[in-house]
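Text of query.pdb, listed as PDB, C-alpha atoms:
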ATOM      1  CA  MET A1474      13.886   8.282  17.521
ATOM      2  CA  GLY A1475      13.333   4.577  16.954
ATOM      3  CA  HIS A1476      13.657   2.499  13.822
ATOM      4  CA  ALA A1477       9.911   2.524  13.045
ATOM      5  CA  GLU A1478       9.848   6.316  13.343
ATOM      6  CA  ARG A1479      12.769   6.719  10.930
ATOM      7  CA  VAL A1480      11.109   4.413   8.399
ATOM      8  CA  TRP A1481       7.824   6.335   8.709
ATOM      9  CA  LEU A1482       9.589   9.687   8.239
ATOM     10  CA  LEU A1483      11.428   8.450   5.166
ATOM     11  CA  LEU A1484       8.177   7.101   3.662
ATOM     12  CA  ILE A1485       6.452  10.433   4.258
ATOM     13  CA  GLY A1486       9.425  12.277   2.736
ATOM     14  CA  LEU A1487       9.360  10.088  -0.376
ATOM     15  CA  THR A1488       5.592  10.631  -0.661
ATOM     16  CA  LEU A1489       6.042  14.409  -0.570
ATOM     17  CA  ALA A1490       8.795  14.128  -3.174
ATOM     18  CA  GLY A1491       6.386  12.152  -5.363
ATOM     19  CA  ALA A1492       3.735  14.847  -4.859
ATOM     20  CA  TRP A1493       6.189  17.515  -5.974
ATOM     21  CA  PHE A1494       6.906  15.577  -9.159
ATOM     22  CA  ALA A1495       3.142  15.133  -9.645
ATOM     23  CA  GLU A1496       2.808  18.903  -9.823
ATOM     24  CA  THR A1497       5.904  19.611 -11.908
ATOM     25  CA  GLY A1498       6.748  16.452 -13.862
ATOM     26  CA  HIS A1499       6.181  15.867 -17.564
ATOM     27  CA  ALA A1500       5.709  12.575 -19.364
ATOM     28  CA  GLY A1501       9.007  10.986 -20.257
ATOM     29  CA  TRP A1502      11.700   8.576 -19.138
ATOM     30  CA  PRO A1503      12.863  10.583 -16.080
ATOM     31  CA  LEU A1504       9.355  10.642 -14.549
ATOM     32  CA  THR A1505       8.738   6.986 -15.486
ATOM     33  CA  LEU A1506      11.999   5.821 -13.892
ATOM     34  CA  LEU A1507      11.351   7.974 -10.830
ATOM     35  CA  VAL A1508       7.859   6.532 -10.338
ATOM     36  CA  ALA A1509       9.133   2.980 -10.865
ATOM     37  CA  GLY A1510      11.891   3.655  -8.312
ATOM     38  CA  LEU A1511       9.490   5.160  -5.777
ATOM     39  CA  ILE A1512       7.104   2.197  -6.065
ATOM     40  CA  ALA A1513       9.983  -0.274  -5.634
ATOM     41  CA  VAL A1514      11.664   1.536  -2.726
ATOM     42  CA  LYS A1515       8.530   2.478  -0.778
ATOM     43  CA  GLY A1516       6.996  -0.961  -1.381
ATOM     44  CA  ARG A1517      10.118  -2.710  -0.100
ATOM     45  CA  MET A1518      10.271  -0.422   2.931
ATOM     46  CA  VAL A1519       6.724  -1.333   3.982
ATOM     47  CA  ILE A1520       7.320  -5.017   3.218
ATOM     48  CA  ASP A1521      10.642  -5.200   5.074
ATOM     49  CA  HIS A1522      10.076  -2.857   7.990
ATOM     50  CA  TYR A1523       6.311  -2.727   8.587
ATOM     51  CA  MET A1524       5.526  -6.344   7.630
ATOM     52  CA  GLU A1525       8.868  -7.628   8.992
ATOM     53  CA  MET A1526       9.478  -9.780   5.945
ATOM     54  CA  THR A1527      13.250  -9.917   6.372
ATOM     55  CA  ARG A1528      12.721 -12.600   9.014
ATOM     56  CA  ALA A1529       9.538 -14.107   7.624
ATOM     57  CA  ASN A1530       8.827 -17.345   5.802
ATOM     58  CA  ALA A1531      10.818 -17.337   2.563
ATOM     59  CA  HIS A1532       7.831 -18.252   0.347
ATOM     60  CA  ILE A1533       5.788 -15.327   1.649
ATOM     61  CA  ARG A1534       8.763 -12.973   1.381
ATOM     62  CA  HIS A1535       9.488 -13.995  -2.226
ATOM     63  CA  VAL A1536       5.864 -13.438  -3.315
ATOM     64  CA  LEU A1537       5.837  -9.927  -1.816
ATOM     65  CA  TYR A1538       9.258  -9.096  -3.258
ATOM     66  CA  ALA A1539       8.120 -10.356  -6.667
ATOM     67  CA  PHE A1540       5.057  -8.085  -6.499
ATOM     68  CA  ALA A1541       7.134  -5.042  -5.506
ATOM     69  CA  THR A1542       9.604  -5.773  -8.336
ATOM     70  CA  LEU A1543       7.228  -6.802 -11.114
ATOM     71  CA  VAL A1544       4.970  -3.736 -10.934
ATOM     72  CA  PRO A1545       7.812  -1.173 -11.384
ATOM     73  CA  LEU A1546       9.185  -3.274 -14.258
ATOM     74  CA  LEU A1547       5.746  -3.185 -15.904
ATOM     75  CA  VAL A1548       5.704   0.611 -15.483
ATOM     76  CA  ILE A1549       8.994   0.796 -17.404
ATOM     77  CA  PHE A1550       7.869  -1.760 -20.005
ATOM     78  CA  THR A1551       4.606   0.090 -20.697
ATOM     79  CA  HIS A1552       6.430   3.383 -21.209
ATOM     80  CA  GLY A1553       9.268   2.000 -23.335
ATOM     81  CA  TRP A1554       7.421  -0.708 -25.226
ATOM     82  CA  GLY A1555       3.853   0.603 -25.231
ATOM     83  CA  ASP A1556       3.499  -0.079 -28.971
ATOM     84  CA  LEU A1557       4.395  -3.730 -28.454
ATOM     85  CA  LEU A1558       1.946  -4.027 -25.558
ATOM     86  CA  ARG A1559      -0.763  -2.396 -27.700
ATOM     87  CA  ARG A1560      -0.131  -4.846 -30.550
ATOM     88  CA  LEU A1561      -0.138  -7.806 -28.164
ATOM     89  CA  THR A1562      -3.484  -6.725 -26.718
ATOM     90  CA  THR A1563      -5.283  -5.818 -29.952
ATOM     91  CA  LEU A1564      -7.877  -8.369 -31.001
ATOM     92  CA  ASN A1565      -8.160  -7.509 -34.693
TER      93      ASN A1565
ATOM     94  CA  MET B1387      19.521   6.883   9.506
ATOM     95  CA  GLY B1388      22.394   4.701  10.655
ATOM     96  CA  ASN B1389      20.047   1.964  11.772
ATOM     97  CA  MET B1390      17.949   1.951   8.608
ATOM     98  CA  SER B1391      19.436  -1.305   7.323
ATOM     99  CA  MET B1392      18.507  -3.129  10.520
ATOM    100  CA  PRO B1393      15.181  -4.927  10.057
ATOM    101  CA  TYR B1394      12.500  -3.697  12.421
ATOM    102  CA  ALA B1395      11.974  -7.254  13.675
ATOM    103  CA  GLU B1396      15.560  -7.407  14.928
ATOM    104  CA  SER B1397      15.150  -4.309  17.031
ATOM    105  CA  ILE B1398      12.664  -5.970  19.373
ATOM    106  CA  ALA B1399      12.378  -9.381  20.933
ATOM    107  CA  VAL B1400      10.091 -11.824  19.156
ATOM    108  CA  PRO B1401       8.785 -14.613  21.419
ATOM    109  CA  GLU B1402      10.396 -17.949  20.638
ATOM    110  CA  ASP B1403       7.100 -19.800  20.038
ATOM    111  CA  HIS B1404       6.272 -17.431  17.181
ATOM    112  CA  ASP B1405       9.642 -17.798  15.541
ATOM    113  CA  PHE B1406       9.522 -20.814  13.220
ATOM    114  CA  ARG B1407      13.175 -20.634  12.321
ATOM    115  CA  SER B1408      13.254 -23.773  10.189
ATOM    116  CA  ARG B1409      10.715 -22.447   7.650
ATOM    117  CA  GLY B1410      10.854 -18.795   8.503
ATOM    118  CA  ARG B1411       8.298 -17.028  10.619
ATOM    119  CA  VAL B1412       4.708 -16.619   9.414
ATOM    120  CA  PRO B1413       3.491 -13.206  10.635
ATOM    121  CA  GLY B1414      -0.108 -13.444  11.803
ATOM    122  CA  ASN B1415      -1.519 -16.771  10.650
ATOM    123  CA  ASN B1416      -1.651 -18.921   7.512
ATOM    124  CA  GLY B1417      -5.253 -17.948   6.714
ATOM    125  CA  ILE B1418      -4.561 -14.253   6.393
ATOM    126  CA  TRP B1419      -1.777 -14.975   3.891
ATOM    127  CA  VAL B1420      -4.162 -16.920   1.657
ATOM    128  CA  GLY B1421      -6.344 -13.813   1.645
ATOM    129  CA  ILE B1422      -3.388 -11.483   1.072
ATOM    130  CA  PHE B1423      -2.117 -13.542  -1.881
ATOM    131  CA  CYS B1424      -5.619 -13.428  -3.420
ATOM    132  CA  VAL B1425      -5.651  -9.637  -3.005
ATOM    133  CA  LEU B1426      -2.205  -9.334  -4.603
ATOM    134  CA  VAL B1427      -3.256 -11.440  -7.597
ATOM    135  CA  GLU B1428      -6.483  -9.454  -7.939
ATOM    136  CA  PHE B1429      -4.667  -6.117  -7.969
ATOM    137  CA  LEU B1430      -1.927  -7.387 -10.253
ATOM    138  CA  LEU B1431      -4.670  -8.194 -12.787
ATOM    139  CA  LEU B1432      -6.224  -4.751 -12.268
ATOM    140  CA  PHE B1433      -2.799  -3.155 -12.772
ATOM    141  CA  ILE B1434      -2.467  -5.063 -16.060
ATOM    142  CA  VAL B1435      -5.805  -3.504 -17.093
ATOM    143  CA  TYR B1436      -4.225  -0.102 -16.276
ATOM    144  CA  PHE B1437      -1.092  -0.866 -18.346
ATOM    145  CA  VAL B1438      -3.080  -2.135 -21.335
ATOM    146  CA  ALA B1439      -5.406   0.891 -21.240
ATOM    147  CA  LYS B1440      -2.375   3.204 -20.967
ATOM    148  CA  ALA B1441      -0.706   1.522 -23.951
ATOM    149  CA  HIS B1442      -3.858   1.973 -26.045
ATOM    150  CA  HIS B1443      -4.624   5.547 -24.913
ATOM    151  CA  PRO B1444      -1.300   7.218 -24.000
ATOM    152  CA  GLU B1445      -2.690  10.756 -24.513
ATOM    153  CA  ALA B1446      -5.564  10.173 -22.074
ATOM    154  CA  PHE B1447      -3.149   8.879 -19.421
ATOM    155  CA  GLU B1448      -0.739  11.768 -20.004
ATOM    156  CA  SER B1449      -3.344  14.468 -19.420
ATOM    157  CA  GLY B1450      -5.610  12.586 -16.989
ATOM    158  CA  PRO B1451      -3.717  13.296 -13.715
ATOM    159  CA  ASP B1452      -3.882  17.059 -14.352
ATOM    160  CA  LYS B1453      -7.601  17.131 -13.527
ATOM    161  CA  LEU B1454      -7.320  15.071 -10.320
ATOM    162  CA  VAL B1455      -6.677  16.602  -6.896
ATOM    163  CA  THR B1456      -3.097  15.606  -6.031
ATOM    164  CA  LEU B1457      -3.631  16.745  -2.433
ATOM    165  CA  ALA B1458      -6.317  14.070  -2.001
ATOM    166  CA  GLY B1459      -3.921  11.344  -3.150
ATOM    167  CA  VAL B1460      -1.105  12.655  -0.954
ATOM    168  CA  THR B1461      -3.401  12.911   2.082
ATOM    169  CA  ILE B1462      -4.637   9.331   1.627
ATOM    170  CA  THR B1463      -1.026   8.127   1.296
ATOM    171  CA  MET B1464      -0.015   9.904   4.504
ATOM    172  CA  LEU B1465      -3.065   8.609   6.379
ATOM    173  CA  LEU B1466      -2.373   5.019   5.329
ATOM    174  CA  LEU B1467       1.378   5.178   6.036
ATOM    175  CA  THR B1468       0.805   6.752   9.445
ATOM    176  CA  SER B1469      -1.962   4.304  10.264
ATOM    177  CA  GLY B1470       0.400   1.490   9.267
ATOM    178  CA  TYR B1471       3.077   2.921  11.559
ATOM    179  CA  CYS B1472       0.540   2.849  14.413
ATOM    180  CA  MET B1473      -0.055  -0.860  13.783
ATOM    181  CA  VAL B1474       3.705  -1.481  13.902
ATOM    182  CA  LYS B1475       3.699   0.190  17.328
ATOM    183  CA  ALA B1476       0.639  -1.838  18.393
ATOM    184  CA  VAL B1477       2.398  -5.132  17.578
ATOM    185  CA  GLU B1478       5.531  -3.886  19.341
ATOM    186  CA  SER B1479       3.431  -2.996  22.410
ATOM    187  CA  ILE B1480       1.640  -6.331  22.656
ATOM    188  CA  ARG B1481       5.011  -8.091  22.447
ATOM    189  CA  ARG B1482       5.845  -6.244  25.670
ATOM    190  CA  ASP B1483       2.443  -7.242  27.119
ATOM    191  CA  ALA B1484       1.467  -3.568  27.147
ATOM    192  CA  SER B1485      -2.099  -4.244  26.005
ATOM    193  CA  VAL B1486      -3.482  -0.824  27.005
ATOM    194  CA  THR B1487      -0.796   0.896  24.906
ATOM    195  CA  ALA B1488      -1.442  -1.567  22.073
ATOM    196  CA  PHE B1489      -5.155  -0.742  22.185
ATOM    197  CA  ARG B1490      -4.408   2.991  21.947
ATOM    198  CA  TRP B1491      -2.169   2.454  18.912
ATOM    199  CA  ILE B1492      -4.824   0.296  17.209
ATOM    200  CA  ALA B1493      -7.515   2.894  17.977
ATOM    201  CA  LEU B1494      -5.311   5.614  16.457
ATOM    202  CA  ALA B1495      -4.612   3.402  13.419
ATOM    203  CA  PHE B1496      -8.355   2.873  13.010
ATOM    204  CA  LEU B1497      -9.167   6.587  13.272
ATOM    205  CA  LEU B1498      -6.471   7.513  10.749
ATOM    206  CA  GLY B1499      -7.687   4.741   8.458
ATOM    207  CA  CYS B1500     -11.227   6.158   8.650
ATOM    208  CA  GLY B1501      -9.787   9.365   7.216
ATOM    209  CA  TYR B1502      -9.291   7.549   3.894
ATOM    210  CA  PRO B1503     -12.997   7.058   3.017
ATOM    211  CA  LEU B1504     -13.660  10.576   4.280
ATOM    212  CA  VAL B1505     -11.043  12.102   1.955
ATOM    213  CA  LYS B1506     -12.242   9.854  -0.870
ATOM    214  CA  TYR B1507     -15.806  11.075  -0.352
ATOM    215  CA  PHE B1508     -14.775  14.726  -0.701
ATOM    216  CA  GLU B1509     -12.487  13.892  -3.622
ATOM    217  CA  ILE B1510     -15.262  12.158  -5.554
ATOM    218  CA  ARG B1511     -17.669  14.990  -4.718
ATOM    219  CA  TRP B1512     -15.116  17.484  -6.090
ATOM    220  CA  ASN B1513     -14.570  15.301  -9.164
ATOM    221  CA  ILE B1514     -18.280  15.088  -9.955
ATOM    222  CA  ALA B1515     -18.714  18.837  -9.387
ATOM    223  CA  HIS B1516     -16.012  19.333 -12.013
ATOM    224  CA  GLY B1517     -17.563  16.897 -14.479
ATOM    225  CA  ILE B1518     -15.231  13.966 -13.790
ATOM    226  CA  ASP B1519     -17.142  10.701 -13.520
ATOM    227  CA  GLY B1520     -16.629   7.162 -14.722
ATOM    228  CA  GLU B1521     -17.677   8.031 -18.259
ATOM    229  CA  THR B1522     -15.464  11.095 -18.703
ATOM    230  CA  GLY B1523     -12.783   9.036 -20.412
ATOM    231  CA  ILE B1524     -10.772   5.819 -20.225
ATOM    232  CA  PHE B1525      -8.279   7.242 -17.685
ATOM    233  CA  TYR B1526     -11.073   8.153 -15.262
ATOM    234  CA  THR B1527     -12.881   4.852 -15.803
ATOM    235  CA  VAL B1528      -9.730   2.959 -14.771
ATOM    236  CA  TYR B1529      -9.136   5.466 -11.950
ATOM    237  CA  TYR B1530     -12.593   4.894 -10.427
ATOM    238  CA  TYR B1531     -12.383   1.148 -11.027
ATOM    239  CA  LEU B1532      -9.044   0.756  -9.242
ATOM    240  CA  THR B1533      -9.416   3.292  -6.438
ATOM    241  CA  LEU B1534     -12.943   2.211  -5.447
ATOM    242  CA  ASN B1535     -11.819  -1.408  -5.511
ATOM    243  CA  HIS B1536      -8.976  -0.483  -3.176
ATOM    244  CA  LEU B1537     -11.423   1.384  -0.947
ATOM    245  CA  VAL B1538     -13.459  -1.822  -0.565
ATOM    246  CA  HIS B1539     -10.336  -3.632   0.656
ATOM    247  CA  VAL B1540      -9.627  -0.795   3.061
ATOM    248  CA  PHE B1541     -13.114  -1.317   4.510
ATOM    249  CA  TRP B1542     -12.234  -4.982   5.187
ATOM    250  CA  GLY B1543      -9.020  -3.795   6.826
ATOM    251  CA  LEU B1544     -10.902  -1.294   8.996
ATOM    252  CA  LEU B1545     -13.318  -4.019  10.083
ATOM    253  CA  GLY B1546     -10.275  -6.110  11.039
ATOM    254  CA  LEU B1547      -8.734  -3.231  12.995
ATOM    255  CA  GLY B1548     -12.026  -2.644  14.804
ATOM    256  CA  TRP B1549     -12.233  -6.305  15.719
ATOM    257  CA  VAL B1550      -8.673  -6.565  17.064
ATOM    258  CA  ALA B1551      -9.155  -3.253  18.938
ATOM    259  CA  LEU B1552     -12.145  -4.802  20.686
ATOM    260  CA  ARG B1553     -10.237  -8.011  21.426
ATOM    261  CA  THR B1554      -7.221  -6.086  22.689
ATOM    262  CA  SER B1555      -9.393  -3.966  24.988
ATOM    263  CA  ARG B1556     -10.699  -7.217  26.487
ATOM    264  CA  GLY B1557      -7.178  -8.505  27.103
ATOM    265  CA  SER B1558      -7.433 -11.313  24.540
ATOM    266  CA  TYR B1559      -3.866 -10.841  23.260
ATOM    267  CA  SER B1560      -0.546 -11.187  25.033
ATOM    268  CA  SER B1561       3.112 -11.574  24.152
ATOM    269  CA  ARG B1562       2.437 -15.340  23.985
ATOM    270  CA  ASP B1563      -0.529 -15.080  21.615
ATOM    271  CA  TYR B1564      -1.069 -12.113  19.366
ATOM    272  CA  SER B1565      -1.415 -13.795  15.969
ATOM    273  CA  GLY B1566      -4.879 -12.293  15.410
ATOM    274  CA  LEU B1567      -3.630  -8.781  16.005
ATOM    275  CA  GLU B1568      -0.625  -9.352  13.789
ATOM    276  CA  ALA B1569      -2.812 -10.846  11.032
ATOM    277  CA  ALA B1570      -4.905  -7.666  10.963
ATOM    278  CA  ALA B1571      -1.673  -5.619  10.898
ATOM    279  CA  VAL B1572      -0.141  -7.445   7.905
ATOM    280  CA  TYR B1573      -3.413  -7.190   5.965
ATOM    281  CA  TRP B1574      -3.507  -3.472   6.741
ATOM    282  CA  HIS B1575       0.095  -3.095   5.542
ATOM    283  CA  THR B1576      -0.855  -4.922   2.324
ATOM    284  CA  THR B1577      -3.449  -2.236   1.577
ATOM    285  CA  ASP B1578      -0.560   0.240   2.088
ATOM    286  CA  VAL B1579       1.651  -1.556  -0.433
ATOM    287  CA  ILE B1580      -1.140  -1.580  -3.020
ATOM    288  CA  TRP B1581      -1.981   2.089  -2.490
ATOM    289  CA  LEU B1582       1.714   2.963  -2.943
ATOM    290  CA  VAL B1583       1.253   1.667  -6.503
ATOM    291  CA  ILE B1584      -2.157   3.240  -7.143
ATOM    292  CA  PHE B1585      -1.134   6.716  -5.944
ATOM    293  CA  PRO B1586       1.618   7.313  -8.552
ATOM    294  CA  PHE B1587      -0.436   5.593 -11.285
ATOM    295  CA  PHE B1588      -3.170   8.224 -11.155
ATOM    296  CA  TYR B1589      -1.621  11.304  -9.551
ATOM    297  CA  VAL B1590       2.054  11.317 -10.638
ATOM    298  CA  LEU B1591       2.781   9.177 -13.704
ATOM    299  CA  ARG B1592       2.088  10.551 -17.167
TER     300      ARG B1592
END

Just give me the structure of the file as structure tokens.
Amino acid sequence: MGHAERVWLLLIGLTLAGAWFAETGHAGWPLTLLVAGLIAVKGRMVIDHYMEMTRANAHIRHVLYAFATLVPLLVIFTHGWGDLLRRLTTLN
Amino acid sequence: MGNMSMPYAESIAVPEDHDFRSRGRVPGNNGIWVGIFCVLVEFLLLFIVYFVAKAHHPEAFESGPDKLVTLAGVTITMLLLTSGYCMVKAVESIRRDASVTAFRWIALAFLLGCGYPLVKYFEIRWNIAHGIDGETGIFYTVYYYLTLNHLVHVFWGLLGLGWVALRTSRGSYSSRDYSGLEAAAVYWHTTDVIWLVIFPFFYVLR
């Protein structure tokens, strides 16, 4: 089995794990952290191994890494500091 | 999994003329990256809409995923990841000048990718049959807004795959020049990365 096959299998496995949590998980920190982790790990796997970013132009790589890092952080922020986000985005 | 830390690119030979070591290699071409950055910014803004809506209506976002068909989301994820894998193999094949093999991988990637709109069609039909449309509630409004927007980008990706399949079948790419094929591949992988965010937002997270 080659490298691409191992990456694909791991991505499929993580997707099935996410599906299991979709059916059994309840709102709370464990599910939030798990989802943030899955987005970060799976995103980085596609970026590094499918898009071959580890050897790519540094500017491109940094933008993609920033995207795959920022979104999970926003997931955590929205869960932990939702009240603050609501206040910041209320017009009156 | 012993080789997992080794980047895919290091496992195969990349032609020297495509390896701009001083600045780092640009997969595909510069133009496709302008488009990809625009797509990333667009979806980052849409994700902020999701976060703001979730902060204002936490109850709607906690119960919303229960009414959606998780199997549809999982199937789309698997189709996209497997289609993306096929494009990895297509790029690997053209680097070996195996254009017939590359064409077969692209064709398979295209067919798997076409499964996405098909699944989405049945999912939306099921949703509407169960009274879930864009006006059912804020969660479903954001769900339709984001997923249909992503579907539009998948259509662009499928058009790209169809085009490079045609070009590959005509022998237009080789190990010396395959930037067009690789550009379509990186765009296709970008739709993967974005879906890997959308899937947990609407089917897993509460």

Within 6 Å of chain B, which residues of chain A come that close, and what is the closest atom pair and distance in Å for each? Count all atoms listed in the file and give it as JSON lines.
{"residue": "A:Ala1495", "atom": "CA", "partner": "B:Val1590", "partner_atom": "CA", "distance": 4.1}
{"residue": "A:Ala1500", "atom": "CA", "partner": "B:Arg1592", "partner_atom": "CA", "distance": 4.7}
{"residue": "A:Ile1512", "atom": "CA", "partner": "B:Val1583", "partner_atom": "CA", "distance": 5.9}
{"residue": "A:Gly1516", "atom": "CA", "partner": "B:Val1579", "partner_atom": "CA", "distance": 5.5}
{"residue": "A:His1522", "atom": "CA", "partner": "B:Tyr1394", "partner_atom": "CA", "distance": 5.1}
{"residue": "A:Met1524", "atom": "CA", "partner": "B:Val1572", "partner_atom": "CA", "distance": 5.8}
{"residue": "A:Glu1525", "atom": "CA", "partner": "B:Ala1395", "partner_atom": "CA", "distance": 5.6}
{"residue": "A:Ala1529", "atom": "CA", "partner": "B:Arg1411", "partner_atom": "CA", "distance": 4.4}
{"residue": "A:Asn1530", "atom": "CA", "partner": "B:Gly1410", "partner_atom": "CA", "distance": 3.7}
{"residue": "A:Gly1555", "atom": "CA", "partner": "B:Ala1441", "partner_atom": "CA", "distance": 4.8}
{"residue": "A:Arg1559", "atom": "CA", "partner": "B:Ala1441", "partner_atom": "CA", "distance": 5.4}

Self-check item: Surrounding residues of B:Ala1484 excluding itself and chain neighbours under 5 positions, 10 Å, all atoms listed in the file, as a ChimeraX atom specification
Solution: /B:1476-1479,1489,1557,1559-1561

Practice problem: Translate the PyMOL selection byres ((chain A and resi 1513) around 10), as applied to the file shown, into an explicit residue set as JSON, numbers by chain. | Solution: {"A": [1507, 1508, 1509, 1510, 1511, 1512, 1514, 1515, 1516, 1517, 1518, 1538, 1540, 1541, 1542, 1543, 1544, 1545, 1546], "B": [1579, 1582, 1583]}

Quiz item: In Å, how far is it from atom CA of B:Trp1549 to atom CA of B:Cys1424?
Solution: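 One can read the atom CA of B:Trp1549 to atom CA of B:Cys1424 distance as 21.5 Å.
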
Quiz prompt | atom CA of B:Gly1499 to atom CA of B:Val1540, distance in Å rounded to a single decimal | solution =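 Taking atom CA of B:Gly1499 as the start and atom CA of B:Val1540 as the end point, the length is 8.0 Å.
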
Once 5 Å is added on each side, what centre and edge lengths in Å to one decimal does the axis-aligned box around all listed atoms of stretch 1512-1520 of chain B have, as JSON?
{"center_x": -16.6, "center_y": 13.2, "center_z": -10.4, "size_x": 14.1, "size_y": 22.2, "size_z": 18.6}

Practice problem: Step by step: start from the point (7.0, 3.3, -23.7) in the file's coordinates, keep every protein, DNA or RNA residue that has an atom no farther than 10 Å from it, count all atoms listed in the file, and write the set as a list in words. | Solution: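 Residues with an atom close enough to that point: Gly1501, Trp1502, Thr1505, Val1548, Ile1549, Phe1550, Thr1551, His1552, Gly1553, Trp1554, Gly1555, Asp1556, Leu1557 and Leu1558 of chain A; Lys1440, Ala1441 and Pro1444 of chain B.
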
Practice problem: I need the residue set behind the PyMOL selection byres ((chain B and resi 1522-1535) around 7) for this file; please write it as a list in words. | Solution: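 When the PyMOL selection byres ((chain B and resi 1522-1535) around 7) is applied to the shown file, the picked residues are Leu1432, Tyr1436, Ala1446, Phe1447, Gly1450, Ile1518, Asp1519, Gly1520, Glu1521, His1536, Leu1537, Val1538, His1539 and Phe1588 of chain B.
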
Quiz item: Separation of atom CA of B:Glu1428 and atom CA of A:Asn1565, in Å?
Solution: 26.9 Å

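Distances to B:Val1455 were evaluated for A:Ala1492, A:Leu1483, A:Met1474, A:Leu1504 using all atoms listed in the file, and the minimum falls at A:Ala1492.
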